[in-house]
$ cat model.cif   # mmCIF, C-alpha atoms
data_run
loop_
_atom_site.label_atom_id
_atom_site.label_comp_id
_atom_site.auth_asym_id
_atom_site.auth_seq_id
_atom_site.Cartn_x
_atom_site.Cartn_y
_atom_site.Cartn_z
CA SER A 1 -28.13 -40.00 74.85
CA TYR A 2 -25.99 -42.84 73.53
CA ILE A 3 -22.95 -41.47 75.36
CA ARG A 4 -24.93 -41.70 78.61
CA LYS A 5 -25.83 -45.32 77.85
CA GLU A 6 -22.18 -46.18 77.27
CA TYR A 7 -21.28 -44.38 80.52
CA ASP A 8 -23.92 -46.36 82.45
CA GLU A 9 -22.59 -49.65 81.08
CA SER A 10 -18.98 -48.69 81.82
CA THR A 11 -19.59 -47.63 85.44
CA GLU A 12 -21.89 -50.59 86.12
CA GLN A 13 -19.24 -53.02 84.91
CA ALA A 14 -16.57 -51.17 86.94
CA LEU A 15 -18.74 -51.44 90.06
CA HIS A 16 -19.21 -55.20 89.57
CA GLU A 17 -15.44 -55.61 89.11
CA GLU A 18 -14.73 -53.63 92.28
CA ILE A 19 -17.18 -55.77 94.28
CA ALA A 20 -15.58 -58.94 92.88
CA TRP A 21 -12.09 -57.69 93.85
CA SER A 22 -13.26 -56.89 97.37
CA MET A 23 -14.80 -60.32 97.79
CA ALA A 24 -11.63 -61.96 96.50
CA GLU A 25 -9.67 -60.01 99.13
CA ASP A 26 -12.08 -61.24 101.86
CA GLU A 27 -13.55 -57.75 102.22
CA SER A 28 -17.17 -58.82 102.00
CA ASP A 29 -18.23 -56.01 104.36
CA GLY A 30 -17.93 -53.39 101.62
CA ILE A 31 -15.77 -51.71 98.99
CA ASN A 32 -13.08 -49.07 99.43
CA ILE A 33 -13.36 -45.94 97.33
CA MET A 34 -11.50 -42.66 96.83
CA SER A 35 -13.08 -39.35 95.88
CA ASP A 36 -12.17 -35.84 94.79
CA ALA A 37 -13.68 -32.79 93.11
CA ARG A 38 -12.52 -30.98 89.98
CA HIS A 39 -13.82 -27.51 89.21
CA GLY A 40 -14.63 -26.62 85.62
CA TRP A 41 -12.96 -23.20 85.83
CA ARG A 42 -9.90 -21.90 87.63
CA LYS A 43 -11.90 -19.78 90.08
CA ASN A 44 -15.51 -19.63 91.25
CA ALA A 45 -16.47 -22.41 88.84
CA LYS A 46 -19.98 -22.89 87.48
CA ASP A 47 -19.45 -26.65 87.14
CA SER A 48 -17.77 -29.19 89.39
CA SER A 49 -17.10 -32.89 88.84
CA VAL A 50 -17.08 -35.17 91.88
CA VAL A 51 -15.68 -38.55 90.93
CA ILE A 52 -15.61 -41.86 92.83
CA ILE A 53 -12.88 -44.40 91.96
CA GLY A 54 -12.55 -47.95 93.24
CA GLU A 55 -9.43 -48.69 95.28
CA HIS A 56 -8.74 -52.08 93.67
CA THR A 57 -9.72 -51.60 90.01
CA HIS A 58 -8.84 -47.87 89.82
CA LYS A 59 -11.91 -47.42 87.63
CA VAL A 60 -14.55 -44.70 87.94
CA LEU A 61 -17.65 -46.01 89.71
CA ARG A 62 -19.66 -42.78 89.76
CA HIS A 63 -19.49 -39.22 88.45
CA GLU A 64 -21.60 -36.39 89.88
CA HIS A 65 -22.01 -33.09 88.04
CA ILE A 66 -22.77 -30.21 90.43
CA THR A 67 -23.62 -26.75 89.08
CA LYS A 68 -24.27 -23.33 90.56
CA GLN A 69 -27.97 -23.87 89.96
CA ILE A 70 -27.80 -26.68 92.50
CA GLU A 71 -25.51 -24.81 94.93
CA PRO A 72 -24.33 -21.19 94.36
CA SER A 73 -21.21 -21.71 96.49
CA THR A 74 -18.51 -23.57 94.54
CA GLN A 75 -16.80 -24.55 97.80
CA LYS A 76 -19.81 -26.70 98.74
CA HIS A 77 -19.91 -28.65 95.48
CA GLU A 78 -17.61 -31.43 96.68
CA VAL A 79 -19.63 -32.33 99.76
CA ILE A 80 -22.92 -32.27 97.78
CA GLY A 81 -21.45 -34.50 95.07
CA THR A 82 -20.02 -36.91 97.65
CA LYS A 83 -23.41 -37.17 99.39
CA ARG A 84 -25.13 -37.91 96.09
CA ALA A 85 -22.61 -40.60 95.19
CA LEU A 86 -22.90 -42.28 98.60
CA ASP A 87 -26.71 -42.17 98.35
CA TYR A 88 -26.46 -43.85 94.94
CA PHE A 89 -24.39 -46.70 96.37
CA ASP A 90 -26.94 -47.06 99.17
CA THR A 91 -29.76 -47.44 96.64
CA GLN A 92 -27.70 -50.07 94.83
CA GLN A 93 -27.20 -51.83 98.19
CA VAL A 94 -23.42 -51.60 97.87
CA PRO A 95 -21.87 -51.06 101.33
CA ILE A 96 -18.99 -48.60 101.50
CA LYS A 97 -16.25 -49.76 103.86
CA MET A 98 -13.81 -46.84 103.46
CA VAL A 99 -13.68 -43.45 101.73
CA THR A 100 -10.37 -41.67 101.07
CA HIS A 101 -10.26 -38.01 100.02
CA ASP A 102 -7.91 -35.03 100.25
CA ARG A 103 -9.23 -33.74 103.60
CA ASN A 104 -12.32 -31.67 102.95
CA THR A 105 -13.60 -31.10 106.49
CA SER A 106 -17.25 -31.11 105.37
CA VAL A 107 -16.74 -34.44 103.62
CA ASN A 108 -15.06 -35.72 106.80
CA LYS A 109 -18.25 -35.00 108.75
CA VAL A 110 -20.45 -36.70 106.17
CA ILE A 111 -18.37 -39.89 106.12
CA LYS A 112 -17.88 -40.07 109.89
CA GLY A 113 -21.65 -39.72 110.28
CA ARG A 114 -22.25 -42.90 108.30
CA GLY A 115 -21.43 -45.21 111.19
CA ASP A 116 -19.42 -48.16 109.90
CA THR A 117 -17.73 -46.27 107.03
CA VAL A 118 -14.06 -45.48 107.73
CA ASN A 119 -12.83 -41.99 106.86
CA GLN A 120 -9.26 -41.55 105.59
CA ASN A 121 -7.40 -38.53 104.21
CA ASP A 122 -4.79 -38.50 101.48
CA ARG A 123 -1.32 -38.78 103.01
CA TRP A 124 0.43 -36.89 100.19
CA HIS A 125 -1.60 -33.73 100.82
CA GLY A 126 -0.95 -34.06 104.56
CA VAL A 127 2.81 -34.34 104.07
CA LYS A 128 2.78 -31.49 101.55
CA ALA A 129 1.27 -29.14 104.16
CA LEU A 130 3.81 -30.34 106.74
CA LYS A 131 6.73 -29.72 104.35
CA LYS A 132 5.58 -26.14 103.88
CA LYS A 133 5.81 -25.60 107.66
CA LEU A 134 9.16 -27.40 107.82
CA ASP A 135 10.51 -25.16 105.09
CA GLY A 136 9.62 -22.15 107.25
CA ILE A 137 11.76 -23.33 110.17
CA ALA A 138 14.66 -24.47 107.97
CA LYS A 139 15.65 -21.03 106.65
CA GLY A 140 15.07 -17.35 107.28
CA PRO A 141 16.76 -14.01 108.04
CA ARG A 142 19.77 -14.06 110.36
CA TYR A 143 18.16 -11.88 113.03
CA LYS A 144 15.40 -14.49 113.49
CA HIS A 145 17.78 -17.42 113.85
CA GLY A 146 16.85 -19.47 116.92
CA LYS A 147 13.42 -17.82 117.05
CA THR A 148 11.49 -18.77 113.92
CA TRP A 149 14.13 -20.95 112.20
CA HIS A 150 17.39 -22.75 112.92
CA MET A 151 20.45 -23.76 110.88
CA GLU A 152 20.39 -27.30 112.32
CA LEU A 153 17.04 -27.84 110.56
CA GLY A 154 18.27 -26.70 107.16
CA ASP A 155 18.72 -30.26 105.85
CA LYS A 156 15.66 -31.79 107.52
CA VAL A 157 12.73 -30.92 105.21
CA GLU A 158 12.80 -33.89 102.82
CA PRO A 159 14.18 -36.40 105.38
CA VAL A 160 11.42 -35.58 107.89
CA ALA A 161 8.83 -35.91 105.11
CA THR A 162 10.23 -39.37 104.33
CA HIS A 163 10.01 -40.32 108.02
CA VAL A 164 6.37 -39.19 108.16
CA HIS A 165 5.47 -41.26 105.10
CA TRP A 166 7.21 -44.26 106.69
CA ALA A 167 5.45 -43.69 110.02
CA MET A 168 2.02 -43.74 108.37
CA LYS A 169 2.82 -46.94 106.51
CA HIS A 170 4.19 -48.77 109.55
CA CYS A 171 1.88 -47.77 112.40
CA ALA A 172 -0.41 -50.80 111.86
CA GLY A 173 -3.45 -48.52 111.59
CA ASN A 174 -2.97 -47.34 115.19
CA ALA A 175 -3.36 -43.56 115.61
CA GLN A 176 -1.50 -43.44 118.94
CA LYS A 177 1.40 -45.42 117.50
CA LEU A 178 1.53 -43.01 114.58
CA ARG A 179 1.82 -40.04 116.95
CA GLU A 180 4.61 -41.78 118.87
CA ARG A 181 6.56 -42.46 115.68
CA LEU A 182 6.12 -38.88 114.55
CA LEU A 183 7.55 -37.57 117.81
CA ASN A 184 10.41 -40.06 117.59
CA VAL A 185 11.55 -38.24 114.44
CA VAL A 186 12.90 -35.48 116.70
CA GLU A 187 14.79 -38.00 118.86
CA HIS A 188 16.21 -39.71 115.77
CA TYR A 189 17.78 -36.47 114.54
CA LYS A 190 19.14 -35.83 118.03
CA ASN A 191 21.06 -39.12 117.48
CA ASP A 192 18.97 -40.82 120.16
CA HIS A 193 17.78 -44.12 118.67
CA GLU A 194 16.36 -45.82 121.75
CA ASP A 195 12.79 -45.80 120.36
CA CYS A 196 13.67 -46.30 116.70
CA PRO A 197 12.25 -49.47 115.06
CA LEU A 198 14.46 -52.55 115.14
CA SER A 199 14.41 -52.71 111.34
CA SER A 200 15.99 -49.25 111.01
CA ARG A 201 19.59 -48.94 109.84
CA CYS A 202 20.42 -46.76 112.84
CA ILE A 203 19.70 -49.82 115.03
CA LYS A 204 21.01 -52.67 112.85
CA ASP A 205 24.24 -51.03 111.68
CA GLU A 206 26.85 -50.93 114.47
CA ASN A 207 28.90 -48.42 112.49
CA TYR A 208 25.95 -46.12 111.81
CA GLU A 209 26.78 -42.44 111.55
CA PRO A 210 24.14 -39.74 111.03
CA SER A 211 24.08 -38.37 107.48
CA ARG A 212 22.29 -35.19 108.62
CA VAL A 213 23.29 -32.46 111.04
CA VAL A 214 22.62 -33.71 114.58
CA ILE A 215 20.24 -31.50 116.56
CA THR A 216 22.02 -30.24 119.67
CA ASP A 217 20.35 -26.88 120.31
CA PRO A 218 17.13 -27.11 122.39
CA LYS A 219 15.71 -24.24 120.32
CA ALA A 220 16.00 -26.28 117.13
CA GLU A 221 14.48 -29.29 118.88
CA LEU A 222 11.53 -27.22 120.09
CA LEU A 223 10.91 -25.72 116.64
CA LEU A 224 10.83 -29.14 114.96
CA LYS A 225 8.70 -30.70 117.68
CA ASN A 226 6.15 -27.88 117.55
CA VAL A 227 5.77 -28.14 113.77
CA ILE A 228 5.17 -31.89 113.99
CA MET A 229 2.69 -31.62 116.87
CA GLN A 230 0.78 -28.81 115.18
CA SER A 231 0.52 -30.66 111.87
CA THR A 232 -2.78 -32.02 110.61
CA ILE A 233 -1.34 -35.53 110.51
CA TYR A 234 -0.44 -35.47 114.22
CA LYS A 235 -3.67 -33.81 115.38
CA ASN A 236 -5.88 -36.08 113.26
CA ALA A 237 -3.76 -39.23 113.25
CA GLU A 238 -6.84 -41.48 113.00
CA ASP A 239 -7.51 -40.02 109.51
CA TYR A 240 -4.01 -40.93 108.28
CA ALA A 241 -3.23 -44.14 110.17
CA LEU A 242 -3.98 -46.39 107.16
CA ALA A 243 -1.64 -44.41 104.84
CA LYS A 244 -4.19 -44.12 102.04
CA GLU A 245 -3.76 -41.91 98.99
CA THR A 246 -5.87 -40.46 96.17
CA SER A 247 -3.28 -40.40 93.40
CA TRP A 248 -5.58 -42.27 91.00
CA VAL A 249 -8.27 -39.61 91.37
CA GLU A 250 -5.71 -36.88 90.75
CA SER A 251 -4.63 -38.71 87.58
CA PHE A 252 -8.24 -38.96 86.41
CA ASN A 253 -8.81 -35.25 87.04
CA ASN A 254 -5.74 -34.53 84.93
CA SER A 255 -7.02 -36.74 82.10
CA MET A 256 -10.31 -34.82 82.04
CA ASN A 257 -8.44 -31.90 80.50
CA MET A 258 -8.50 -33.82 77.21
CA PHE A 259 -12.28 -33.49 77.09
CA HIS A 260 -12.98 -30.12 78.71
CA ASP A 261 -10.31 -27.53 79.26
CA LYS A 262 -10.61 -25.29 82.31
CA ARG A 263 -10.15 -22.22 80.08
CA ILE A 264 -13.35 -22.95 78.14
CA SER A 265 -16.85 -22.27 79.48
CA LEU A 266 -19.34 -24.99 78.53
CA LYS A 267 -23.09 -25.31 78.77
CA ASP A 268 -24.38 -27.86 81.28
CA LEU A 269 -25.24 -30.48 78.64
CA GLN A 270 -21.88 -30.22 76.90
CA TYR A 271 -20.03 -30.38 80.22
CA GLN A 272 -22.01 -33.48 81.24
CA LEU A 273 -21.43 -35.29 77.94
CA ARG A 274 -17.70 -34.52 77.96
CA SER A 275 -17.51 -35.76 81.55
CA TYR A 276 -19.15 -39.03 80.51
CA LEU A 277 -16.59 -39.40 77.73
CA SER A 278 -13.80 -38.79 80.25
CA VAL A 279 -15.11 -41.60 82.45
CA ILE A 280 -15.58 -44.02 79.54
CA HIS A 281 -12.10 -43.31 78.20
CA TRP A 282 -10.52 -43.72 81.64
CA ASN A 283 -12.27 -47.01 82.43
CA GLU A 284 -11.22 -48.47 79.10
CA ASN A 285 -7.56 -47.52 79.45
CA THR A 286 -6.69 -47.20 83.14
CA ASN A 287 -5.15 -50.66 83.58
CA ARG A 288 -3.26 -50.89 80.31
CA GLU A 289 -0.48 -53.43 79.94
CA VAL A 290 3.09 -52.26 80.60
CA THR A 291 5.22 -52.99 77.53
CA SER A 292 8.64 -51.66 78.57
CA THR A 293 10.53 -49.27 80.83
CA LYS A 294 12.59 -46.21 80.00
CA GLN A 295 15.37 -44.64 82.04
CA ARG A 296 14.65 -41.11 83.24
CA PRO A 297 16.98 -38.57 81.61
CA GLY A 298 19.15 -36.10 83.49
CA ASN A 299 20.03 -35.73 87.15
CA SER A 300 16.60 -36.27 88.67
CA GLY A 301 15.92 -35.83 92.38
CA THR A 302 15.92 -38.84 94.68
CA ARG A 303 12.14 -39.17 94.60
CA ARG A 304 12.07 -39.31 90.80
CA ARG A 305 14.84 -41.84 90.26
CA GLY A 306 14.11 -45.15 88.63
CA ASN A 307 12.71 -46.23 85.29
CA ARG A 308 9.64 -44.75 83.68
CA ILE A 309 7.07 -47.33 82.59
CA ILE A 310 5.80 -47.36 79.00
CA LYS A 311 2.24 -48.61 78.60
CA LYS A 312 0.38 -50.04 75.65
CA ALA A 313 -1.21 -47.43 73.39
CA ALA A 314 -4.64 -46.24 74.49
CA SER A 315 -7.67 -47.78 72.79
CA TYR A 316 -10.86 -46.03 71.69
CA CYS A 317 -13.32 -48.90 71.32
CA TYR A 318 -15.97 -46.84 73.09
CA ARG A 319 -16.31 -44.60 70.01
CA GLN A 320 -17.45 -47.57 67.92
CA ASN A 321 -19.76 -48.72 70.72
CA ILE A 322 -21.45 -45.31 70.86
CA TRP A 323 -21.80 -45.24 67.08
CA ASP A 324 -23.29 -48.74 67.05
CA LYS A 325 -25.87 -47.72 69.65
CA TYR A 326 -26.83 -44.75 67.52
CA MET A 327 -27.17 -46.82 64.31
CA ASP A 328 -29.18 -49.51 66.10
CA SER A 329 -31.67 -46.90 67.26
CA ILE A 330 -32.08 -45.66 63.69
CA PHE A 331 -32.73 -49.13 62.26
CA ARG A 332 -35.17 -49.96 65.08
CA ASN A 333 -37.16 -46.84 64.26
#
$ encode --input "model.cif" --output "structure tokens"
Amino acid sequence: SYIRKEYDESTEQALHEEIAWSMAEDESDGINIMSDARHGWRKNAKDSSVVIIGEHTHKVLRHEHITKQIEPSTQKHEVIGTKRALDYFDTQQVPIKMVTHDRNTSVNKVIKGRGDTVNQNDRWHGVKALKKKLDGIAKGPRYKHGKTWHMELGDKVEPVATHVHWAMKHCAGNAQKLRERLLNVVEHYKNDHEDCPLSSRCIKDENYEPSRVVITDPKAELLLKNVIMQSTIYKNAEDYALAKETSWVESFNNSMNMFHDKRISLKDLQYQLRSYLSVIHWNENTNREVTSTKQRPGNSGTRRRGNRIIKKAASYCYRQNIWDKYMDSIFRN
């Protein structure tokens, strides 16, 4: 179809741009990509979209449509789509240097089995799982105080999450160093700053005073240390040491709702065509110019403070391109 032709041109151009960016960054040994799967329905989906986005251009390089005819188990769609995408890049002789995804263990095995390709997991999902465990030890019934939770940890959920994000960004890609910095979080909240980085305020400021409750009870210390050591980030530090994220893929998956809603069941052809339109629309508009900023209203939380960027209005040139392809075919015939 003419939509497929426009999709092929869009992804081919995006791939060339990603290769050019990598070469400009002296990364001639391959490109970095991020991947994720989106199911067509809320549960037990018939269709799944596995999308590959370039790390530099943030454009879609490949879209794989996996159905239940290919694999009856929806849970296996992501790994099948990822394999197909990687095989496509191999046929195009485009080396893949790094793949970042939101920690699908089957995808982990596929990527780690490729030899030189580096496997990384999304840090946001890792911290989200850790925060859920931290929330469990920060509050609870009184009779379980000191056993499953502790009052001294009540104000530590968000601060510890911030420390973990910082540790991933400043471990220089070293998994062992990341583990050491994660464990130092416990010492920091005990007001022991011997191993804290020299750039930290607790080291530089002579008048530093802790803004959180200092951990003095060994039971609270043990609870916090156990949660950190049992976290996915600590156990698999090598998969988080580069502090990569898949936020652009999550944004693309959200934008796909404009073309096929998860509440609507579509035939395979319609689902495929709408997916192509999603990719074309995204690639045309993903790096739009920022025209202004707008202050966020209300008393937003600390992580949402700051101005909201306003981008240039989205363009729809691809509609005219598809129509032109259709008219050209008519006149040729």
$ closest_residue --input "model.cif" --among "A:Ser292, A:Asn283, A:Thr117, A:Ser28" --to "A:Val99" --atoms "all atoms listed in the file"
A:Thr117
$ residues_around --input "model.cif" --residues "A:Cys317" --least-positions-apart "2" --cutoff "12 Å" --atoms "all atoms listed in the file" --output "PDB file with C-alpha atoms, in the frame of the given file"
ATOM      1  CA  GLU A   6     -22.180 -46.180  77.270  1.00  0.00           C
ATOM      2  CA  SER A  10     -18.980 -48.690  81.820  1.00  0.00           C
ATOM      3  CA  LEU A 277     -16.590 -39.400  77.730  1.00  0.00           C
ATOM      4  CA  ILE A 280     -15.580 -44.020  79.540  1.00  0.00           C
ATOM      5  CA  HIS A 281     -12.100 -43.310  78.200  1.00  0.00           C
ATOM      6  CA  TRP A 282     -10.520 -43.720  81.640  1.00  0.00           C
ATOM      7  CA  ASN A 283     -12.270 -47.010  82.430  1.00  0.00           C
ATOM      8  CA  GLU A 284     -11.220 -48.470  79.100  1.00  0.00           C
ATOM      9  CA  ASN A 285      -7.560 -47.520  79.450  1.00  0.00           C
ATOM     10  CA  ALA A 314      -4.640 -46.240  74.490  1.00  0.00           C
ATOM     11  CA  SER A 315      -7.670 -47.780  72.790  1.00  0.00           C
ATOM     12  CA  ARG A 319     -16.310 -44.600  70.010  1.00  0.00           C
ATOM     13  CA  GLN A 320     -17.450 -47.570  67.920  1.00  0.00           C
ATOM     14  CA  ASN A 321     -19.760 -48.720  70.720  1.00  0.00           C
ATOM     15  CA  ILE A 322     -21.450 -45.310  70.860  1.00  0.00           C
ATOM     16  CA  TRP A 323     -21.800 -45.240  67.080  1.00  0.00           C
ATOM     17  CA  ASP A 324     -23.290 -48.740  67.050  1.00  0.00           C
TER      18      ASP A 324
END
$ axis_aligned_box --input "model.cif" --around "stretch 65-79 of chain A" --padding-each-side "3 Å" --output "JSON"
{"center_x": -22.4, "center_y": -27.1, "center_z": 93.9, "size_x": 17.2, "size_y": 17.9, "size_z": 17.7}
$ atom_distance --input "model.cif" --atom1 "atom CA of A:His56" --atom2 "atom CA of A:Asp29"
14.8 Å
$ atom_distance --input "model.cif" --atom1 "atom CA of A:His65" --atom2 "atom CA of A:Gly113"
23.2 Å
$ closest_atom_pairs --input "model.cif" --of "stretch 119-160 of chain A" --to "stretch 168-174 of chain A" --cutoff "12 Å" --atoms "all atoms listed in the file" --output "tab-separated table"
residue	atom	partner	partner_atom	distance
A:Gln120	CA	A:Gly173	CA	10.9
A:Asn121	CA	A:Met168	CA	11.5
A:Asp122	CA	A:Met168	CA	11.0
A:Arg123	CA	A:Met168	CA	8.0
A:Trp124	CA	A:Met168	CA	10.8
A:Gly126	CA	A:Met168	CA	10.8
A:Val127	CA	A:Met168	CA	10.4
$ closest_residue --input "model.cif" --among "A:Asp26, A:Glu194, A:Glu158, A:Glu12" --to "A:Ala138" --atoms "only C-alpha atoms"
A:Glu158
$ residues_around --input "model.cif" --residues "A:Leu153" --least-positions-apart "2" --cutoff "12 Å" --atoms "only C-alpha atoms" --output "VMD selection string"
chain A and resid 133 to 140 145 to 146 148 to 151 155 to 160 186 189 to 190 212 to 225 227
$ resolve_selection --input "model.cif" --expression "the PyMOL selection byres ((chain A and resi 236-250) around 9)" --output "JSON, numbers by chain"
{"A": [34, 35, 36, 37, 51, 52, 53, 55, 58, 59, 60, 100, 101, 102, 103, 118, 119, 120, 121, 122, 123, 124, 125, 126, 165, 167, 168, 169, 170, 171, 172, 173, 174, 175, 176, 177, 178, 179, 231, 232, 233, 234, 235, 251, 252, 253, 254, 255]}
$ resolve_selection --input "model.cif" --expression "the PyMOL selection byres ((chain A and resi 48) around 12)" --output "NGL selection string"
:A and (36-47 or 49-51 or 63-82 or 253 or 256 or 260 or 262 or 266 or 268 or 271-272 or 275)
$ atom_distance --input "model.cif" --atom1 "atom CA of A:Lys97" --atom2 "atom CA of A:Ala14"
17.0 Å
$ resolve_selection --input "model.cif" --expression "the PyMOL selection byres ((chain A and resi 288) around 9)" --output "VMD selection string"
chain A and resid 284 to 287 289 to 290 311 to 314
$ write_last_selection --input "model.cif" --atoms "C-alpha atoms" --output "compact mmCIF listing (two decimals), in the coordinates of the input"
# COMPACT_ATOMS: atom_id res chain seq x y z
CA GLU A 284 -11.22 -48.47 79.10
CA ASN A 285 -7.56 -47.52 79.45
CA THR A 286 -6.69 -47.20 83.14
CA ASN A 287 -5.15 -50.66 83.58
CA GLU A 289 -0.48 -53.43 79.94
CA VAL A 290 3.09 -52.26 80.60
CA LYS A 311 2.24 -48.61 78.60
CA LYS A 312 0.38 -50.04 75.65
CA ALA A 313 -1.21 -47.43 73.39
CA ALA A 314 -4.64 -46.24 74.49
$ closest_residue --input "model.cif" --among "A:Lys144, A:Lys131, A:Lys267, A:Arg274" --to "A:Val164" --atoms "all atoms listed in the file"
A:Lys131
$ closest_residue --input "model.cif" --among "A:Gly154, A:Gly30, A:Arg201, A:Tyr2" --to "A:Lys325" --atoms "all atoms listed in the file"
A:Tyr2
$ closest_residue --input "model.cif" --among "A:Trp166, A:Asp261, A:Asp116, A:Ala161" --to "A:Lys128" --atoms "all atoms listed in the file"
A:Ala161
